[in-house]
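Everything below belongs to start.txt, which stores compact mmCIF, C-alpha atoms.
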# COMPACT_ATOMS: atom_id res chain seq x y z
CA MET A 2 32.76 47.02 -96.87
CA SER A 3 32.73 50.31 -98.70
CA ARG A 4 29.14 51.13 -97.69
CA GLY A 5 29.04 54.53 -95.98
CA LEU A 6 32.44 55.60 -97.27
CA LYS A 7 32.44 59.29 -98.16
CA PHE A 8 33.22 59.42 -101.85
CA GLY A 9 34.12 62.92 -103.02
CA LEU A 10 33.51 63.83 -106.65
CA PHE A 11 35.39 66.99 -107.66
CA TYR A 12 33.89 68.20 -110.92
CA THR A 13 33.33 71.13 -113.25
CA ILE A 14 30.27 69.90 -115.11
CA ILE A 15 28.28 66.69 -115.05
CA ARG A 16 28.63 64.87 -118.37
CA PRO A 17 27.46 61.30 -119.03
CA GLU A 18 30.76 60.06 -117.52
CA GLU A 19 30.19 61.87 -114.22
CA LYS A 20 26.55 60.77 -114.17
CA TRP A 21 27.62 57.13 -114.56
CA ILE A 22 30.21 57.58 -111.82
CA LEU A 23 27.57 59.03 -109.48
CA GLN A 24 25.26 56.11 -110.26
CA ALA A 25 28.04 53.56 -109.73
CA ALA A 26 28.99 55.14 -106.39
CA GLU A 27 25.42 55.29 -105.17
CA SER A 28 24.71 51.71 -106.27
CA ARG A 29 27.65 50.61 -104.09
CA GLY A 30 26.18 52.32 -101.05
CA LEU A 31 28.79 55.08 -100.97
CA GLU A 32 27.96 58.46 -99.53
CA VAL A 33 28.65 60.82 -102.42
CA VAL A 34 30.07 64.24 -101.53
CA ARG A 35 29.74 66.53 -104.54
CA LEU A 36 32.49 69.13 -104.83
CA ASP A 37 31.86 71.74 -107.53
CA ASP A 38 35.28 73.08 -108.58
CA GLY A 39 33.77 76.55 -108.99
CA GLU A 40 32.42 76.68 -105.45
CA VAL A 41 34.80 74.86 -103.10
CA THR A 42 37.16 76.90 -100.94
CA PHE A 43 40.33 75.60 -99.34
CA GLY A 44 41.64 76.93 -96.03
CA LEU A 45 45.04 76.05 -94.66
CA ASP A 46 43.48 74.13 -91.78
CA ARG A 47 41.09 71.19 -91.97
CA PRO A 48 38.35 72.39 -94.32
CA ASP A 49 34.63 71.85 -94.49
CA VAL A 50 35.29 69.16 -97.08
CA GLU A 51 34.54 65.82 -95.54
CA ALA A 52 35.52 62.98 -97.78
CA ASP A 53 37.48 59.78 -97.35
CA VAL A 54 38.72 59.99 -100.92
CA VAL A 55 38.22 62.37 -103.85
CA LEU A 56 37.90 61.40 -107.49
CA ASN A 57 39.05 64.32 -109.61
CA ARG A 58 36.85 64.88 -112.64
CA SER A 59 37.48 68.60 -113.05
CA VAL A 60 38.07 69.45 -116.70
CA SER A 61 40.33 72.33 -115.70
CA HIS A 62 44.01 71.42 -115.43
CA THR A 63 44.69 74.45 -113.24
CA ARG A 64 41.89 73.70 -110.79
CA SER A 65 42.89 70.02 -110.74
CA LEU A 66 46.49 70.90 -109.91
CA TYR A 67 45.68 73.11 -106.94
CA ALA A 68 42.70 71.13 -105.66
CA THR A 69 44.51 67.79 -105.54
CA ARG A 70 47.37 69.50 -103.66
CA CYS A 71 44.85 70.95 -101.19
CA PHE A 72 43.13 67.59 -100.67
CA ALA A 73 46.54 65.99 -100.11
CA HIS A 74 47.29 68.74 -97.56
CA TYR A 75 44.18 67.66 -95.66
CA GLY A 76 45.24 64.01 -95.84
CA ILE A 77 42.49 63.11 -98.29
CA PRO A 78 43.77 60.79 -101.04
CA THR A 79 42.82 61.63 -104.60
CA VAL A 80 42.45 59.80 -107.88
CA ASN A 81 44.56 60.77 -109.59
CA ALA A 82 47.30 61.76 -107.17
CA PRO A 83 48.60 65.36 -107.43
CA ASP A 84 51.91 64.37 -109.03
CA VAL A 85 50.09 62.34 -111.67
CA VAL A 86 47.82 65.29 -112.48
CA GLU A 87 50.81 67.62 -112.71
CA VAL A 88 52.90 65.45 -115.00
CA ALA A 89 50.28 63.82 -117.22
CA GLY A 90 48.33 67.07 -117.58
CA ASP A 91 51.31 68.92 -119.04
CA LYS A 92 52.58 67.64 -122.38
CA VAL A 93 56.11 68.91 -121.71
CA LEU A 94 56.42 67.14 -118.37
CA ALA A 95 54.70 64.03 -119.74
CA SER A 96 57.08 63.79 -122.70
CA LEU A 97 60.08 64.18 -120.42
CA ARG A 98 58.74 61.39 -118.20
CA LEU A 99 58.04 59.08 -121.14
CA ALA A 100 61.55 59.63 -122.47
CA GLU A 101 63.10 59.08 -119.04
CA ARG A 102 61.30 55.72 -118.83
CA GLY A 103 62.33 54.65 -122.32
CA ILE A 104 58.77 54.60 -123.61
CA PRO A 105 58.57 55.17 -127.37
CA THR A 106 57.09 58.58 -128.08
CA PRO A 107 57.17 60.95 -131.09
CA ARG A 108 60.31 63.07 -131.48
CA THR A 109 59.69 66.28 -129.54
CA VAL A 110 61.56 69.55 -129.08
CA ILE A 111 60.52 72.23 -126.58
CA ALA A 112 61.24 75.95 -126.95
CA LEU A 113 60.51 78.90 -124.70
CA SER A 114 60.55 81.84 -127.10
CA PRO A 115 59.29 82.48 -130.64
CA GLU A 116 62.88 82.64 -131.94
CA ALA A 117 63.75 79.32 -130.35
CA ALA A 118 60.44 77.86 -131.60
CA MET A 119 61.57 78.27 -135.22
CA LYS A 120 64.79 76.47 -134.34
CA ALA A 121 62.73 73.71 -132.72
CA VAL A 122 60.62 73.30 -135.86
CA GLU A 123 63.75 73.18 -138.02
CA ARG A 124 65.21 70.50 -135.74
CA ILE A 125 62.04 68.41 -136.08
CA GLY A 126 61.70 68.99 -139.84
CA TYR A 127 58.57 69.30 -141.93
CA PRO A 128 55.77 68.58 -141.46
CA ALA A 129 55.80 69.34 -137.76
CA VAL A 130 53.03 69.67 -135.21
CA LEU A 131 52.75 72.45 -132.63
CA LYS A 132 50.60 71.71 -129.60
CA PRO A 133 49.70 73.70 -126.49
CA ALA A 134 51.43 72.20 -123.44
CA ILE A 135 48.16 72.33 -121.51
CA GLY A 136 44.71 71.40 -122.76
CA SER A 137 43.37 68.77 -125.08
CA TRP A 138 40.52 67.85 -127.42
CA GLY A 139 42.82 68.83 -130.30
CA ARG A 140 42.34 72.54 -129.70
CA LEU A 141 44.91 75.02 -131.00
CA MET A 142 47.03 72.29 -132.51
CA ALA A 143 48.67 73.12 -135.81
CA LYS A 144 50.40 71.11 -138.49
CA VAL A 145 53.00 73.14 -140.36
CA SER A 146 54.50 72.01 -143.65
CA THR A 147 56.72 74.97 -144.57
CA PRO A 148 58.85 77.58 -142.77
CA ALA A 149 56.32 80.26 -143.76
CA GLU A 150 53.49 78.34 -142.10
CA ALA A 151 55.60 77.77 -139.01
CA GLU A 152 56.44 81.48 -138.74
CA GLN A 153 52.76 82.42 -139.01
CA ILE A 154 51.62 79.93 -136.38
CA ILE A 155 54.41 80.94 -133.98
CA GLU A 156 53.53 84.62 -134.47
CA HIS A 157 49.85 83.92 -133.77
CA LYS A 158 50.63 81.83 -130.70
CA SER A 159 52.93 84.57 -129.39
CA ALA A 160 50.10 87.08 -129.67
CA LEU A 161 47.80 85.04 -127.43
CA ALA A 162 47.44 86.40 -123.91
CA SER A 163 48.13 83.25 -121.91
CA PRO A 164 51.82 82.65 -121.14
CA VAL A 165 51.21 78.94 -121.75
CA HIS A 166 51.19 79.71 -125.50
CA SER A 167 54.74 80.99 -125.26
CA VAL A 168 55.87 77.49 -124.40
CA PHE A 169 56.35 75.82 -127.75
CA TYR A 170 55.88 72.07 -127.86
CA VAL A 171 56.94 70.87 -131.28
CA GLN A 172 56.55 67.29 -132.38
CA GLU A 173 57.23 65.28 -135.48
CA PHE A 174 54.19 64.58 -137.62
CA VAL A 175 53.74 60.82 -137.39
CA GLU A 176 52.72 59.13 -140.64
CA LYS A 177 50.07 56.71 -139.43
CA PRO A 178 46.88 55.05 -140.61
CA ASP A 179 43.72 57.16 -140.29
CA ARG A 180 43.37 56.12 -136.68
CA ASP A 181 44.98 56.14 -133.28
CA LEU A 182 44.57 53.84 -130.30
CA ARG A 183 43.28 54.55 -126.83
CA VAL A 184 43.82 52.20 -123.92
CA PHE A 185 41.97 52.98 -120.69
CA VAL A 186 43.96 52.01 -117.64
CA VAL A 187 42.53 51.72 -114.14
CA GLY A 188 45.18 50.87 -111.56
CA PRO A 189 47.05 47.78 -112.74
CA GLU A 190 44.50 46.85 -115.42
CA ALA A 191 43.85 47.91 -118.99
CA VAL A 192 40.05 47.78 -118.83
CA ALA A 193 39.09 48.73 -122.39
CA ALA A 194 40.55 49.93 -125.65
CA MET A 195 39.42 51.38 -128.94
CA TYR A 196 40.55 52.70 -132.28
CA ARG A 197 39.64 56.27 -133.11
CA HIS A 198 39.26 56.82 -136.85
CA SER A 199 39.32 60.19 -138.53
CA ALA A 200 40.12 61.57 -141.97
CA ASP A 201 41.56 64.56 -140.06
CA TRP A 202 45.08 64.09 -138.65
CA ARG A 203 43.62 64.79 -135.21
CA THR A 204 41.70 61.76 -134.00
CA ASN A 205 40.06 63.18 -130.87
CA ALA A 206 36.55 61.86 -130.19
CA ALA A 207 35.69 65.48 -129.33
CA ARG A 208 36.47 66.35 -132.97
CA GLY A 209 34.06 63.74 -134.30
CA ALA A 210 36.36 60.74 -134.72
CA THR A 211 34.51 57.45 -135.09
CA THR A 212 35.37 54.58 -132.79
CA GLU A 213 35.88 50.84 -133.04
CA THR A 214 36.62 48.21 -130.41
CA LEU A 215 40.26 47.26 -130.18
CA VAL A 216 41.33 43.87 -128.91
CA LEU A 217 44.40 44.37 -126.77
CA THR A 218 47.52 42.51 -127.79
CA PRO A 219 50.04 41.64 -125.07
CA GLU A 220 52.46 44.22 -126.55
CA LEU A 221 49.87 46.97 -126.53
CA ARG A 222 48.69 46.12 -123.02
CA GLU A 223 52.23 46.10 -121.68
CA LEU A 224 53.13 49.40 -123.33
CA ALA A 225 49.96 51.12 -122.10
CA LEU A 226 50.44 49.87 -118.54
CA HIS A 227 54.08 50.91 -118.66
CA ALA A 228 53.11 54.43 -119.80
CA ALA A 229 50.44 54.73 -117.11
CA GLU A 230 52.87 53.51 -114.47
CA ALA A 231 55.45 56.04 -115.68
CA MET A 232 52.99 58.83 -114.89
CA GLY A 233 52.49 57.43 -111.39
CA GLY A 234 49.50 55.19 -112.09
CA GLY A 235 45.80 55.59 -111.45
CA VAL A 236 42.98 56.26 -113.90
CA LEU A 237 44.63 57.18 -117.19
CA ALA A 238 43.85 56.99 -120.89
CA VAL A 239 46.93 56.17 -122.91
CA ASP A 240 46.84 57.37 -126.53
CA LEU A 241 49.10 55.66 -129.03
CA MET A 242 49.86 55.87 -132.73
CA GLU A 243 51.05 53.24 -135.17
CA SER A 244 54.19 54.89 -136.54
CA PRO A 245 56.33 53.31 -139.27
CA LYS A 246 58.74 52.36 -136.45
CA GLY A 247 56.06 50.77 -134.26
CA LEU A 248 53.73 51.93 -131.52
CA VAL A 249 54.41 55.31 -129.93
CA VAL A 250 52.68 56.87 -126.92
CA HIS A 251 51.74 60.46 -127.64
CA GLU A 252 49.52 61.32 -124.67
CA VAL A 253 48.50 60.00 -121.27
CA ASN A 254 45.32 61.72 -120.12
CA PRO A 255 44.77 62.12 -116.36
CA THR A 256 41.05 62.99 -116.42
CA PRO A 257 39.89 60.89 -119.32
CA GLU A 258 36.50 60.88 -120.95
CA PHE A 259 35.04 57.48 -121.68
CA LYS A 260 31.59 57.99 -123.15
CA ALA A 261 32.68 56.83 -126.61
CA LEU A 262 34.80 54.01 -125.22
CA ALA A 263 32.04 52.67 -122.97
CA GLY A 264 29.61 52.91 -125.87
CA VAL A 265 31.74 50.94 -128.30
CA THR A 266 33.08 48.32 -125.86
CA GLY A 267 30.22 47.98 -123.36
CA ALA A 268 32.81 48.01 -120.55
CA ASP A 269 31.68 49.23 -117.12
CA ILE A 270 34.40 51.86 -116.89
CA ALA A 271 32.58 54.00 -114.33
CA GLY A 272 32.26 50.98 -112.04
CA ALA A 273 35.96 50.17 -112.43
CA ILE A 274 36.92 53.77 -111.60
CA VAL A 275 34.71 53.83 -108.50
CA ASP A 276 36.02 50.47 -107.25
CA TYR A 277 39.60 51.59 -107.77
CA THR A 278 38.95 54.89 -105.97
CA VAL A 279 37.44 53.03 -103.01
CA GLY A 280 40.57 50.87 -102.95
CA VAL A 281 42.74 53.99 -102.79
CA ALA A 282 40.70 55.21 -99.80
CA ARG A 283 41.46 52.00 -97.94
CA ARG A 284 45.24 52.10 -98.43
CA MET B 30 10.02 72.33 -116.34
CA SER B 31 12.12 75.40 -117.09
CA ASN B 32 12.78 77.64 -120.08
CA CYS B 33 15.92 77.88 -122.20
CA PRO B 34 17.54 81.27 -121.52
CA GLU B 35 18.44 81.55 -125.22
CA CYS B 36 15.31 80.50 -127.13
CA ASP B 37 12.72 80.23 -124.35
CA ALA B 38 11.88 76.63 -125.28
CA GLN B 39 10.41 74.54 -122.48
CA VAL B 40 12.92 72.07 -121.08
CA GLU B 41 11.86 69.03 -119.06
CA LYS B 42 13.74 67.92 -115.95
CA HIS B 43 13.41 64.16 -116.60
CA GLY B 44 16.38 62.47 -114.90
CA LYS B 45 18.74 65.44 -115.02
CA VAL B 46 20.97 66.02 -112.00
CA LEU B 47 22.58 69.11 -110.50
CA GLY B 48 25.49 70.28 -112.64
CA GLU B 49 24.47 68.23 -115.67
CA VAL B 50 25.24 69.77 -119.03
CA PHE B 51 22.96 69.08 -121.98
CA PRO B 52 21.92 70.74 -125.25
CA CYS B 53 18.62 72.62 -125.48
CA PRO B 54 16.32 70.35 -127.52
CA ASP B 55 15.21 73.32 -129.63
CA CYS B 56 18.20 75.62 -130.24
CA GLY B 57 21.10 73.36 -129.23
CA THR B 58 22.58 75.83 -126.74
CA GLU B 59 24.59 74.01 -124.08
CA LEU B 60 22.72 74.33 -120.79
CA GLU B 61 23.60 73.45 -117.20
CA VAL B 62 21.27 72.43 -114.39
CA PHE B 63 21.86 74.76 -111.44
CA GLY B 64 18.84 73.80 -109.39
CA THR B 65 16.70 70.68 -109.16
CA ALA B 66 13.94 71.75 -106.76
CA PRO B 67 12.77 73.86 -108.42
CA PHE B 68 14.35 72.82 -111.70
CA ALA B 69 16.54 75.67 -112.98
CA ILE B 70 18.88 75.95 -115.95
CA GLN B 71 21.46 78.43 -117.19
CA PRO B 72 23.92 78.57 -120.08
CA ALA B 73 26.71 76.04 -119.51
CA PRO B 74 30.14 77.40 -118.57
CA LYS B 75 32.28 78.33 -121.55
CA GLU B 76 35.20 76.07 -122.36
CA ALA B 77 38.42 77.51 -120.92
CA GLU B 78 41.92 77.22 -122.35
CA ASP B 79 43.07 74.71 -119.77
CA TRP B 80 40.08 72.42 -120.16
CA GLY B 81 40.70 68.94 -121.39
CA GLU B 82 41.14 65.36 -120.43
Show this structure as structure tokens.
Amino acid sequence: MSRGLKFGLFYTIIRPEEKWILQAAESRGLEVVRLDDGEVTFGLDRPDVEADVVLNRSVSHTRSLYATRCFAHYGIPTVNAPDVVEVAGDKVLASLRLAERGIPTPRTVIALSPEAAMKAVERIGYPAVLKPAIGSWGRLMAKVSTPAEAEQIIEHKSALASPVHSVFYVQEFVEKPDRDLRVFVVGPEAVAAMYRHSADWRTNAARGATTETLVLTPELRELALHAAEAMGGGVLAVDLMESPKGLVVHEVNPTPEFKALAGVTGADIAGAIVDYTVGVARR
Amino acid sequence: MSNCPECDAQVEKHGKVLGEVFPCPDCGTELEVFGTAPFAIQPAPKEAEDWGE
């Protein structure tokens, strides 16, 4: 019985996803412990936080990184686990992991200075895509088609204050249909999937992409589960593209949104996440 | 009931929960619930560079 289990929800803001998670937890008789990522403090000894398990829904990668480490320090399991947050939340580390596991992913070159970034773009060829290593929703991504464009983007990125913009993550531009694929993985299951259509080369739902239910093929299911497992497993949204050479995994998101996916598929994703998190508490 | 800090429109509590983010029905400003009894709202936190999925 999970009734009475202290279910921690670590969050930044409450969006429809978090509201559904709260409702799913309460409907299962769980005692919900709300942990606002802007208010919680972490001492080195056992803290005030009393939870049997914590579901991380913070939208901040930095806060997620440190908080999941702190919860682990207290012996409180988290979904996702700290290592999963660290790797999947950083495109450089995620790409290295995908490559190490032999999972098809777009050609990528990483550079650590503006001078090296130009070399990285030249190695990839044109058009190329520059992405921030941290962050999502398609922000600050740039497609460059000429050396002049690449020089301008690199110069602008170098002028930004955050050191994260001086890590240059350069990827081939994948010629694909006007859509990508998202498979939502919870533990060992792919619970729902959708196409995201957009006339823009970025197909993020946050940028207004339209969605359509996707029926999982065995190949797609296996690839998505393999990618999620490569990150360490848990609750992960695997994003794929249909490249001329076949499916490629371009992102694995460790704190995925699912409003659009739940809307288009009708899947009870919040319920699946809560049940999985309770299972982690019992391990 | 509370008032939008941007446009002063009246905003109903309905089923909103602590921390919930929603757009003001009049001006569209993103608002956050920071109190439920009494119902209180403030501008939602601004998106930071490391925010994402």
Long-range neighbours of stretch 49-59 of chain B as a VMD selection string, 12 Å cut-off, all atoms listed in the file, 5 positions minimum in chain
(chain A and resid 12 to 21 23 37) or (chain B and resid 31 to 44 64 to 65 68 to 76)
For the residues in that selection, give me C-alpha atoms as a JSON list (two decimals), in the frame of the given file.
[["chain", "number", "residue", "atom", "x", "y", "z"],
["A", 12, "TYR", "CA", 33.89, 68.20, -110.92],
["A", 13, "THR", "CA", 33.33, 71.13, -113.25],
["A", 14, "ILE", "CA", 30.27, 69.90, -115.11],
["A", 15, "ILE", "CA", 28.28, 66.69, -115.05],
["A", 16, "ARG", "CA", 28.63, 64.87, -118.37],
["A", 17, "PRO", "CA", 27.46, 61.30, -119.03],
["A", 18, "GLU", "CA", 30.76, 60.06, -117.52],
["A", 19, "GLU", "CA", 30.19, 61.87, -114.22],
["A", 20, "LYS", "CA", 26.55, 60.77, -114.17],
["A", 21, "TRP", "CA", 27.62, 57.13, -114.56],
["A", 23, "LEU", "CA", 27.57, 59.03, -109.48],
["A", 37, "ASP", "CA", 31.86, 71.74, -107.53],
["B", 31, "SER", "CA", 12.12, 75.40, -117.09],
["B", 32, "ASN", "CA", 12.78, 77.64, -120.08],
["B", 33, "CYS", "CA", 15.92, 77.88, -122.20],
["B", 34, "PRO", "CA", 17.54, 81.27, -121.52],
["B", 35, "GLU", "CA", 18.44, 81.55, -125.22],
["B", 36, "CYS", "CA", 15.31, 80.50, -127.13],
["B", 37, "ASP", "CA", 12.72, 80.23, -124.35],
["B", 38, "ALA", "CA", 11.88, 76.63, -125.28],
["B", 39, "GLN", "CA", 10.41, 74.54, -122.48],
["B", 40, "VAL", "CA", 12.92, 72.07, -121.08],
["B", 41, "GLU", "CA", 11.86, 69.03, -119.06],
["B", 42, "LYS", "CA", 13.74, 67.92, -115.95],
["B", 43, "HIS", "CA", 13.41, 64.16, -116.60],
["B", 44, "GLY", "CA", 16.38, 62.47, -114.90],
["B", 64, "GLY", "CA", 18.84, 73.80, -109.39],
["B", 65, "THR", "CA", 16.70, 70.68, -109.16],
["B", 68, "PHE", "CA", 14.35, 72.82, -111.70],
["B", 69, "ALA", "CA", 16.54, 75.67, -112.98],
["B", 70, "ILE", "CA", 18.88, 75.95, -115.95],
["B", 71, "GLN", "CA", 21.46, 78.43, -117.19],
["B", 72, "PRO", "CA", 23.92, 78.57, -120.08],
["B", 73, "ALA", "CA", 26.71, 76.04, -119.51],
["B", 74, "PRO", "CA", 30.14, 77.40, -118.57],
["B", 75, "LYS", "CA", 32.28, 78.33, -121.55],
["B", 76, "GLU", "CA", 35.20, 76.07, -122.36]]
Which distance in Å separates atom CA of A:Val175 and atom CA of A:Ser114, to one decimal?
24.4 Å
Take the point (34.2, 58.5, -119.7) as written in the file and pick out every residue within 10 Å of it, counting only C-alpha atoms; give the list as a list in words.
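Result, sorted by chain then residue number: Arg16, Pro17, Glu18, Glu19, Lys20, Trp21, Ile22, Arg58, Phe185, Ala238, Thr256, Pro257, Glu258, Phe259, Lys260, Ala261, Leu262, Ala263, Gly264, Asp269, Ile270, Ala271 and Ile274 of chain A; Glu82 of chain B.
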For A:Ala229, list every protein, DNA or RNA residue within 9 Å, evaluated using only C-alpha atoms, and leave out those in the same chain fewer than 5 positions away; present the list as a ChimeraX atom specification.
/A:186-189,224,234-239,253
Could you tell me how far atom CA of A:Ala210 sits from atom CA of B:Lys45, in Å to one decimal place?
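Computed distance, atom CA of B:Lys45 to atom CA of A:Ala210, equals 26.8 Å.
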Excluding A:Thr147 and any residue of its chain fewer than 5 positions from it, enumerate the residues within 12 Å of it, using only C-alpha atoms, and give them as a ChimeraX atom specification.
/A:119,122-123,125-130,152-154
